[in-house]
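The file my_file37.cif comes next; it holds mmCIF, N, CA and C atoms.
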data_final
loop_
_atom_site.group_PDB
_atom_site.id
_atom_site.type_symbol
_atom_site.label_atom_id
_atom_site.label_comp_id
_atom_site.auth_asym_id
_atom_site.auth_seq_id
_atom_site.Cartn_x
_atom_site.Cartn_y
_atom_site.Cartn_z
ATOM 1 N N MET X 1 12.517 -43.929 -211.127
ATOM 2 C CA MET X 1 13.954 -44.038 -211.001
ATOM 3 C C MET X 1 14.355 -43.567 -209.608
ATOM 4 N N PRO X 2 15.249 -44.324 -208.942
ATOM 5 C CA PRO X 2 15.688 -43.876 -207.615
ATOM 6 C C PRO X 2 16.319 -42.490 -207.684
ATOM 7 N N GLU X 3 16.038 -41.685 -206.695
ATOM 8 C CA GLU X 3 16.596 -40.344 -206.626
ATOM 9 C C GLU X 3 17.839 -40.355 -205.739
ATOM 10 N N LEU X 4 18.530 -39.238 -205.669
ATOM 11 C CA LEU X 4 19.792 -39.171 -204.932
ATOM 12 C C LEU X 4 19.689 -39.653 -203.486
ATOM 13 N N PRO X 5 18.641 -39.286 -202.728
ATOM 14 C CA PRO X 5 18.581 -39.786 -201.351
ATOM 15 C C PRO X 5 18.510 -41.318 -201.273
ATOM 16 N N GLU X 6 17.807 -41.951 -202.202
ATOM 17 C CA GLU X 6 17.719 -43.422 -202.194
ATOM 18 C C GLU X 6 19.070 -44.049 -202.528
ATOM 19 N N ILE X 7 19.797 -43.435 -203.454
ATOM 20 C CA ILE X 7 21.118 -43.952 -203.815
ATOM 21 C C ILE X 7 22.064 -43.802 -202.629
ATOM 22 N N GLU X 8 22.016 -42.660 -201.970
ATOM 23 C CA GLU X 8 22.875 -42.438 -200.799
ATOM 24 C C GLU X 8 22.512 -43.394 -199.669
ATOM 25 N N THR X 9 21.232 -43.665 -199.489
ATOM 26 C CA THR X 9 20.804 -44.636 -198.476
ATOM 27 C C THR X 9 21.345 -46.024 -198.808
ATOM 28 N N SER X 10 21.297 -46.404 -200.081
ATOM 29 C CA SER X 10 21.856 -47.698 -200.504
ATOM 30 C C SER X 10 23.355 -47.737 -200.231
ATOM 31 N N ARG X 11 24.061 -46.666 -200.568
ATOM 32 C CA ARG X 11 25.507 -46.610 -200.353
ATOM 33 C C ARG X 11 25.844 -46.788 -198.873
ATOM 34 N N ARG X 12 25.150 -46.036 -198.024
ATOM 35 C CA ARG X 12 25.407 -46.128 -196.589
ATOM 36 C C ARG X 12 25.050 -47.507 -196.036
ATOM 37 N N GLY X 13 24.039 -48.128 -196.620
ATOM 38 C CA GLY X 13 23.627 -49.446 -196.147
ATOM 39 C C GLY X 13 24.620 -50.549 -196.482
ATOM 40 N N ILE X 14 25.256 -50.485 -197.646
ATOM 41 C CA ILE X 14 26.178 -51.550 -198.046
ATOM 42 C C ILE X 14 27.615 -51.289 -197.590
ATOM 43 N N GLU X 15 27.949 -50.036 -197.336
ATOM 44 C CA GLU X 15 29.343 -49.678 -197.007
ATOM 45 C C GLU X 15 29.934 -50.479 -195.850
ATOM 46 N N PRO X 16 29.250 -50.619 -194.701
ATOM 47 C CA PRO X 16 29.876 -51.348 -193.587
ATOM 48 C C PRO X 16 30.146 -52.819 -193.889
ATOM 49 N N TYR X 17 29.411 -53.392 -194.831
ATOM 50 C CA TYR X 17 29.586 -54.801 -195.176
ATOM 51 C C TYR X 17 30.665 -55.018 -196.238
ATOM 52 N N LEU X 18 31.089 -53.940 -196.887
ATOM 53 C CA LEU X 18 32.058 -54.067 -197.972
ATOM 54 C C LEU X 18 33.449 -53.567 -197.615
ATOM 55 N N VAL X 19 33.536 -52.378 -197.023
ATOM 56 C CA VAL X 19 34.841 -51.792 -196.734
ATOM 57 C C VAL X 19 35.586 -52.679 -195.734
ATOM 58 N N ASN X 20 36.849 -52.940 -196.035
ATOM 59 C CA ASN X 20 37.723 -53.821 -195.250
ATOM 60 C C ASN X 20 37.316 -55.289 -195.317
ATOM 61 N N HIS X 21 36.508 -55.637 -196.301
ATOM 62 C CA HIS X 21 36.187 -57.027 -196.599
ATOM 63 C C HIS X 21 36.640 -57.310 -198.021
ATOM 64 N N LYS X 22 36.630 -58.576 -198.397
ATOM 65 C CA LYS X 22 37.034 -58.952 -199.749
ATOM 66 C C LYS X 22 35.827 -59.411 -200.554
ATOM 67 N N ILE X 23 35.838 -59.061 -201.831
ATOM 68 C CA ILE X 23 34.902 -59.677 -202.773
ATOM 69 C C ILE X 23 35.572 -60.967 -203.216
ATOM 70 N N ILE X 24 34.996 -62.081 -202.837
ATOM 71 C CA ILE X 24 35.583 -63.389 -203.124
ATOM 72 C C ILE X 24 35.442 -63.723 -204.611
ATOM 73 N N LYS X 25 34.239 -63.520 -205.141
ATOM 74 C CA LYS X 25 34.010 -63.745 -206.573
ATOM 75 C C LYS X 25 32.678 -63.135 -206.974
ATOM 76 N N ALA X 26 32.497 -63.011 -208.267
ATOM 77 C CA ALA X 26 31.242 -62.499 -208.831
ATOM 78 C C ALA X 26 30.501 -63.647 -209.505
ATOM 79 N N ILE X 27 29.202 -63.651 -209.342
ATOM 80 C CA ILE X 27 28.337 -64.614 -210.039
ATOM 81 C C ILE X 27 27.403 -63.780 -210.907
ATOM 82 N N VAL X 28 27.559 -63.921 -212.207
ATOM 83 C CA VAL X 28 26.776 -63.128 -213.155
ATOM 84 C C VAL X 28 25.722 -64.031 -213.778
ATOM 85 N N ARG X 29 24.458 -63.740 -213.513
ATOM 86 C CA ARG X 29 23.352 -64.518 -214.065
ATOM 87 C C ARG X 29 22.809 -63.901 -215.346
ATOM 88 N N GLN X 30 22.980 -62.601 -215.492
ATOM 89 C CA GLN X 30 22.486 -61.877 -216.669
ATOM 90 C C GLN X 30 23.661 -61.062 -217.217
ATOM 91 N N PRO X 31 24.364 -61.591 -218.227
ATOM 92 C CA PRO X 31 25.570 -60.902 -218.708
ATOM 93 C C PRO X 31 25.296 -59.617 -219.485
ATOM 94 N N LYS X 32 24.052 -59.381 -219.894
ATOM 95 C CA LYS X 32 23.723 -58.137 -220.598
ATOM 96 C C LYS X 32 22.721 -57.366 -219.759
ATOM 97 N N LEU X 33 23.205 -56.351 -219.093
ATOM 98 C CA LEU X 33 22.315 -55.469 -218.354
ATOM 99 C C LEU X 33 22.094 -54.250 -219.236
ATOM 100 N N ARG X 34 22.359 -53.066 -218.744
ATOM 101 C CA ARG X 34 22.276 -51.878 -219.604
ATOM 102 C C ARG X 34 23.340 -51.988 -220.691
ATOM 103 N N TRP X 35 24.537 -52.446 -220.303
ATOM 104 C CA TRP X 35 25.628 -52.780 -221.218
ATOM 105 C C TRP X 35 26.102 -54.158 -220.804
ATOM 106 N N PRO X 36 26.840 -54.835 -221.674
ATOM 107 C CA PRO X 36 27.361 -56.145 -221.279
ATOM 108 C C PRO X 36 28.268 -56.038 -220.041
ATOM 109 N N VAL X 37 28.181 -57.022 -219.169
ATOM 110 C CA VAL X 37 29.045 -57.067 -217.993
ATOM 111 C C VAL X 37 30.467 -57.361 -218.471
ATOM 112 N N SER X 38 31.426 -56.569 -218.013
ATOM 113 C CA SER X 38 32.801 -56.702 -218.511
ATOM 114 C C SER X 38 33.443 -58.006 -218.041
ATOM 115 N N PRO X 39 34.359 -58.532 -218.838
ATOM 116 C CA PRO X 39 35.079 -59.752 -218.441
ATOM 117 C C PRO X 39 35.855 -59.571 -217.137
ATOM 118 N N GLN X 40 36.294 -58.349 -216.846
ATOM 119 C CA GLN X 40 37.019 -58.111 -215.592
ATOM 120 C C GLN X 40 36.126 -58.333 -214.374
ATOM 121 N N ILE X 41 34.853 -57.990 -214.491
ATOM 122 C CA ILE X 41 33.925 -58.232 -213.381
ATOM 123 C C ILE X 41 33.651 -59.721 -213.247
ATOM 124 N N ILE X 42 33.452 -60.387 -214.361
ATOM 125 C CA ILE X 42 33.192 -61.827 -214.331
ATOM 126 C C ILE X 42 34.367 -62.576 -213.713
ATOM 127 N N ALA X 43 35.590 -62.115 -213.968
ATOM 128 C CA ALA X 43 36.796 -62.781 -213.468
ATOM 129 C C ALA X 43 37.236 -62.294 -212.082
ATOM 130 N N LEU X 44 36.493 -61.389 -211.482
ATOM 131 C CA LEU X 44 36.857 -60.781 -210.206
ATOM 132 C C LEU X 44 37.005 -61.834 -209.117
ATOM 133 N N GLU X 45 38.157 -61.828 -208.412
ATOM 134 C CA GLU X 45 38.391 -62.773 -207.317
ATOM 135 C C GLU X 45 39.264 -62.140 -206.250
ATOM 136 N N ASN X 46 38.891 -62.362 -205.000
ATOM 137 C CA ASN X 46 39.698 -61.983 -203.842
ATOM 138 C C ASN X 46 40.213 -60.549 -203.896
ATOM 139 N N GLN X 47 39.300 -59.615 -204.103
ATOM 140 C CA GLN X 47 39.655 -58.196 -204.168
ATOM 141 C C GLN X 47 39.166 -57.476 -202.911
ATOM 142 N N PRO X 48 40.076 -56.841 -202.161
ATOM 143 C CA PRO X 48 39.630 -56.072 -201.007
ATOM 144 C C PRO X 48 38.908 -54.802 -201.451
ATOM 145 N N VAL X 49 37.867 -54.442 -200.724
ATOM 146 C CA VAL X 49 37.120 -53.219 -201.016
ATOM 147 C C VAL X 49 37.721 -52.096 -200.184
ATOM 148 N N LEU X 50 38.136 -51.029 -200.867
ATOM 149 C CA LEU X 50 38.774 -49.902 -200.202
ATOM 150 C C LEU X 50 37.772 -48.844 -199.765
ATOM 151 N N SER X 51 36.733 -48.609 -200.585
ATOM 152 C CA SER X 51 35.713 -47.621 -200.228
ATOM 153 C C SER X 51 34.456 -47.858 -201.053
ATOM 154 N N VAL X 52 33.356 -47.274 -200.579
ATOM 155 C CA VAL X 52 32.092 -47.265 -201.313
ATOM 156 C C VAL X 52 31.670 -45.807 -201.389
ATOM 157 N N GLN X 53 31.500 -45.326 -202.614
ATOM 158 C CA GLN X 53 31.174 -43.919 -202.809
ATOM 159 C C GLN X 53 29.979 -43.781 -203.740
ATOM 160 N N ARG X 54 29.490 -42.550 -203.829
ATOM 161 C CA ARG X 54 28.410 -42.236 -204.757
ATOM 162 C C ARG X 54 28.825 -41.027 -205.561
ATOM 163 N N ARG X 55 28.583 -41.073 -206.844
ATOM 164 C CA ARG X 55 28.775 -39.919 -207.721
ATOM 165 C C ARG X 55 27.486 -39.782 -208.508
ATOM 166 N N ALA X 56 26.727 -38.720 -208.217
ATOM 167 C CA ALA X 56 25.399 -38.537 -208.810
ATOM 168 C C ALA X 56 24.571 -39.782 -208.478
ATOM 169 N N LYS X 57 24.048 -40.471 -209.475
ATOM 170 C CA LYS X 57 23.219 -41.652 -209.224
ATOM 171 C C LYS X 57 23.976 -42.959 -209.438
ATOM 172 N N TYR X 58 25.305 -42.901 -209.427
ATOM 173 C CA TYR X 58 26.131 -44.093 -209.591
ATOM 174 C C TYR X 58 26.730 -44.502 -208.257
ATOM 175 N N LEU X 59 26.743 -45.799 -207.990
ATOM 176 C CA LEU X 59 27.452 -46.353 -206.848
ATOM 177 C C LEU X 59 28.836 -46.765 -207.323
ATOM 178 N N LEU X 60 29.847 -46.389 -206.563
ATOM 179 C CA LEU X 60 31.235 -46.658 -206.928
ATOM 180 C C LEU X 60 31.881 -47.486 -205.822
ATOM 181 N N ILE X 61 32.407 -48.643 -206.184
ATOM 182 C CA ILE X 61 33.101 -49.503 -205.239
ATOM 183 C C ILE X 61 34.560 -49.524 -205.653
ATOM 184 N N GLU X 62 35.418 -49.005 -204.764
ATOM 185 C CA GLU X 62 36.846 -48.899 -205.071
ATOM 186 C C GLU X 62 37.570 -50.179 -204.691
ATOM 187 N N LEU X 63 38.310 -50.713 -205.662
ATOM 188 C CA LEU X 63 39.147 -51.896 -205.484
ATOM 189 C C LEU X 63 40.589 -51.486 -205.768
ATOM 190 N N PRO X 64 41.576 -52.282 -205.373
ATOM 191 C CA PRO X 64 42.970 -51.904 -205.636
ATOM 192 C C PRO X 64 43.274 -51.702 -207.125
ATOM 193 N N ASP X 65 42.619 -52.441 -207.992
ATOM 194 C CA ASP X 65 42.915 -52.373 -209.427
ATOM 195 C C ASP X 65 41.918 -51.551 -210.233
ATOM 196 N N GLY X 66 40.972 -50.880 -209.579
ATOM 197 C CA GLY X 66 39.993 -50.093 -210.325
ATOM 198 C C GLY X 66 38.707 -49.930 -209.535
ATOM 199 N N TRP X 67 37.644 -49.651 -210.264
ATOM 200 C CA TRP X 67 36.352 -49.345 -209.651
ATOM 201 C C TRP X 67 35.261 -50.219 -210.251
ATOM 202 N N LEU X 68 34.303 -50.632 -209.420
ATOM 203 C CA LEU X 68 33.049 -51.190 -209.895
ATOM 204 C C LEU X 68 32.060 -50.033 -209.926
ATOM 205 N N VAL X 69 31.415 -49.837 -211.042
ATOM 206 C CA VAL X 69 30.463 -48.737 -211.199
ATOM 207 C C VAL X 69 29.097 -49.347 -211.459
ATOM 208 N N GLY X 70 28.117 -48.962 -210.657
ATOM 209 C CA GLY X 70 26.765 -49.485 -210.810
ATOM 210 C C GLY X 70 25.734 -48.385 -210.813
ATOM 211 N N HIS X 71 24.660 -48.627 -211.552
ATOM 212 C CA HIS X 71 23.533 -47.700 -211.618
ATOM 213 C C HIS X 71 22.281 -48.538 -211.384
ATOM 214 N N LEU X 72 21.381 -48.041 -210.581
ATOM 215 C CA LEU X 72 20.201 -48.833 -210.231
ATOM 216 C C LEU X 72 19.088 -48.784 -211.271
ATOM 217 N N GLY X 73 19.253 -47.968 -212.305
ATOM 218 C CA GLY X 73 18.253 -47.939 -213.367
ATOM 219 C C GLY X 73 16.897 -47.487 -212.863
ATOM 220 N N MET X 74 15.854 -48.023 -213.450
ATOM 221 C CA MET X 74 14.496 -47.590 -213.108
ATOM 222 C C MET X 74 14.012 -48.142 -211.760
ATOM 223 N N SER X 75 14.330 -49.388 -211.475
ATOM 224 C CA SER X 75 13.792 -49.970 -210.243
ATOM 225 C C SER X 75 14.753 -50.957 -209.602
ATOM 226 N N GLY X 76 16.046 -50.810 -209.858
ATOM 227 C CA GLY X 76 17.027 -51.744 -209.325
ATOM 228 C C GLY X 76 17.315 -51.521 -207.851
ATOM 229 N N SER X 77 18.047 -52.468 -207.299
ATOM 230 C CA SER X 77 18.433 -52.367 -205.901
ATOM 231 C C SER X 77 19.727 -53.127 -205.679
ATOM 232 N N VAL X 78 20.417 -52.771 -204.616
ATOM 233 C CA VAL X 78 21.539 -53.551 -204.114
ATOM 234 C C VAL X 78 21.212 -53.889 -202.674
ATOM 235 N N ARG X 79 21.493 -55.125 -202.302
ATOM 236 C CA ARG X 79 21.163 -55.587 -200.959
ATOM 237 C C ARG X 79 22.292 -56.461 -200.437
ATOM 238 N N ILE X 80 22.506 -56.416 -199.149
ATOM 239 C CA ILE X 80 23.413 -57.341 -198.479
ATOM 240 C C ILE X 80 22.545 -58.440 -197.885
ATOM 241 N N LEU X 81 22.842 -59.674 -198.264
ATOM 242 C CA LEU X 81 22.031 -60.812 -197.826
ATOM 243 C C LEU X 81 22.931 -61.949 -197.375
ATOM 244 N N PRO X 82 22.392 -62.910 -196.599
ATOM 245 C CA PRO X 82 23.156 -64.115 -196.302
ATOM 246 C C PRO X 82 23.440 -64.869 -197.605
ATOM 247 N N GLU X 83 24.604 -65.440 -197.687
ATOM 248 C CA GLU X 83 25.044 -66.113 -198.913
ATOM 249 C C GLU X 83 24.115 -67.254 -199.338
ATOM 250 N N PHE X 84 23.461 -67.912 -198.403
ATOM 251 C CA PHE X 84 22.660 -69.097 -198.730
ATOM 252 C C PHE X 84 21.307 -68.775 -199.366
ATOM 253 N N LEU X 85 20.856 -67.521 -199.347
ATOM 254 C CA LEU X 85 19.546 -67.189 -199.923
ATOM 255 C C LEU X 85 19.559 -67.337 -201.445
ATOM 256 N N GLU X 86 18.562 -68.007 -201.963
ATOM 257 C CA GLU X 86 18.432 -68.200 -203.408
ATOM 258 C C GLU X 86 18.193 -66.875 -204.116
ATOM 259 N N ALA X 87 18.744 -66.761 -205.303
ATOM 260 C CA ALA X 87 18.536 -65.560 -206.113
ATOM 261 C C ALA X 87 17.147 -65.605 -206.746
ATOM 262 N N GLY X 88 16.536 -64.435 -206.891
ATOM 263 C CA GLY X 88 15.238 -64.324 -207.532
ATOM 264 C C GLY X 88 15.362 -64.039 -209.024
ATOM 265 N N LYS X 89 14.242 -63.894 -209.665
ATOM 266 C CA LYS X 89 14.178 -63.682 -211.112
ATOM 267 C C LYS X 89 14.946 -62.442 -211.560
ATOM 268 N N HIS X 90 14.894 -61.374 -210.777
ATOM 269 C CA HIS X 90 15.519 -60.116 -211.172
ATOM 270 C C HIS X 90 16.830 -59.842 -210.436
ATOM 271 N N ASP X 91 17.418 -60.870 -209.852
ATOM 272 C CA ASP X 91 18.725 -60.752 -209.202
ATOM 273 C C ASP X 91 19.781 -61.159 -210.223
ATOM 274 N N HIS X 92 20.461 -60.168 -210.797
ATOM 275 C CA HIS X 92 21.315 -60.416 -211.960
ATOM 276 C C HIS X 92 22.768 -60.696 -211.626
ATOM 277 N N VAL X 93 23.299 -60.071 -210.577
ATOM 278 C CA VAL X 93 24.715 -60.244 -210.234
ATOM 279 C C VAL X 93 24.845 -60.359 -208.723
ATOM 280 N N ASP X 94 25.650 -61.328 -208.283
ATOM 281 C CA ASP X 94 26.009 -61.474 -206.878
ATOM 282 C C ASP X 94 27.505 -61.268 -206.731
ATOM 283 N N PHE X 95 27.898 -60.564 -205.685
ATOM 284 C CA PHE X 95 29.299 -60.462 -205.306
ATOM 285 C C PHE X 95 29.414 -61.137 -203.949
ATOM 286 N N LEU X 96 30.080 -62.305 -203.907
ATOM 287 C CA LEU X 96 30.268 -63.001 -202.640
ATOM 288 C C LEU X 96 31.316 -62.252 -201.840
ATOM 289 N N ILE X 97 30.989 -61.970 -200.576
ATOM 290 C CA ILE X 97 31.828 -61.158 -199.709
ATOM 291 C C ILE X 97 32.332 -62.032 -198.566
ATOM 292 N N SER X 98 33.561 -61.774 -198.162
ATOM 293 C CA SER X 98 34.098 -62.506 -196.998
ATOM 294 C C SER X 98 33.141 -62.313 -195.820
ATOM 295 N N GLY X 99 32.976 -63.353 -195.041
ATOM 296 C CA GLY X 99 32.062 -63.295 -193.902
ATOM 297 C C GLY X 99 30.712 -63.913 -194.187
ATOM 298 N N GLY X 100 30.549 -64.595 -195.345
ATOM 299 C CA GLY X 100 29.314 -65.305 -195.622
ATOM 300 C C GLY X 100 28.168 -64.448 -196.102
ATOM 301 N N LYS X 101 28.456 -63.268 -196.610
ATOM 302 C CA LYS X 101 27.412 -62.367 -197.131
ATOM 303 C C LYS X 101 27.535 -62.266 -198.641
ATOM 304 N N VAL X 102 26.490 -61.714 -199.238
ATOM 305 C CA VAL X 102 26.480 -61.472 -200.686
ATOM 306 C C VAL X 102 25.908 -60.087 -200.943
ATOM 307 N N LEU X 103 26.554 -59.362 -201.848
ATOM 308 C CA LEU X 103 25.999 -58.107 -202.354
ATOM 309 C C LEU X 103 25.229 -58.483 -203.605
ATOM 310 N N ARG X 104 23.916 -58.350 -203.563
ATOM 311 C CA ARG X 104 23.053 -58.788 -204.668
ATOM 312 C C ARG X 104 22.531 -57.571 -205.409
ATOM 313 N N TYR X 105 22.723 -57.569 -206.745
ATOM 314 C CA TYR X 105 22.298 -56.484 -207.617
ATOM 315 C C TYR X 105 21.205 -57.003 -208.529
#
As structure tokens, what does this structure read like?
Amino acid sequence: MPELPEIETSRRGIEPYLVNHKIIKAIVRQPKLRWPVSPQIIALENQPVLSVQRRAKYLLIELPDGWLVGHLGMSGSVRILPEFLEAGKHDHVDFLISGGKVLRY
């Protein structure tokens, strides 16, 4: 399981690509992760990201209407990638970001 330094490294790595950008939409390939993905995440569109924070081993993405909360589990990752890259077998959720990037979970 990722430890606190790895989570903080992930947070710092994605923060510059998210803050002051918009999440255009979410693409959910696996609707049941640890818990079912909420309908609010599936319906997410054109939301500006206000901040990216960490609380313990959770990544927190602040939006005007609430928070996206993520946990990397045993071997998960979040990555910023070019939008055109194909998703792999274990890439469950994409958040398309303004500027042609994707936050892949």
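Note on the selection: in this file the PyMOL selection byres ((chain X and resi 62-68) around 6.5) comes out as X:Gln47, X:Pro48, X:Val49, X:Leu50, X:Ser51, X:Val52, X:Gln53, X:Leu59, X:Leu60, X:Ile61, X:Val69, X:Gly70.
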Identify the residues around (23.6, -57.5, -197.7) within a radius of 12 Å, measuring from only C-alpha atoms in the coordinates stated by the file, and give them as a ChimeraX atom specification.
/X:10-18,77-85,94-105
Using backbone DSSP assignments, extract all strand (DSSP E) residues from chain X; output them as a ChimeraX atom specification.
/X:22-28,45-48,51-55,58-63,66-71,79-82,93-97,101-104
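When DSSP is run on the backbone, the residues of range 27-103 of chain X that fall into helix (DSSP H, G or I) are Pro39, Gln40, Ile41 and Ile42 of chain X.
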Pick out the residues sitting within 9 Å of Ile41 in chain X, and hand them over as a list in words; count only C-alpha atoms, and ignore anything fewer than 2 positions along from it in its own chain.
Lys25, Ala26, Val28, Val37, Ser38, Pro39, Ala43, Leu44, Glu45 and Leu68 of chain X
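Atom N of His21 in chain X is found 18.3 Å from atom C of Gln40 in chain X.
The spacing separating CA of Thr9 in chain X from atom N of Lys57 in chain X amounts to 12.2 Å.
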Have a look at CA of Leu4 in chain X and CA of Tyr58 in chain X and let me know their distance in Å, one decimal.
9.3 Å
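Distances here use all atoms listed in the file; by that measure, the residue among X:Ala56, X:Ile24, X:Gln30, X:Glu8 closest to Asp91 in chain X is X:Gln30.
Shortest atom-to-atom contact with Val93 in chain X among X:Ile27, X:Ile7, X:Val19, X:Ile42: X:Ile27, counting all atoms listed in the file.
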Centre, x/y/z edge lengths, axis-aligned box for range 95-100 of chain X with 5 Å per side, as AutoDock Vina command-line options:
--center_x 31.0 --center_y -62.9 --center_z -199.8 --size_x 16.2 --size_y 14.8 --size_z 21.8
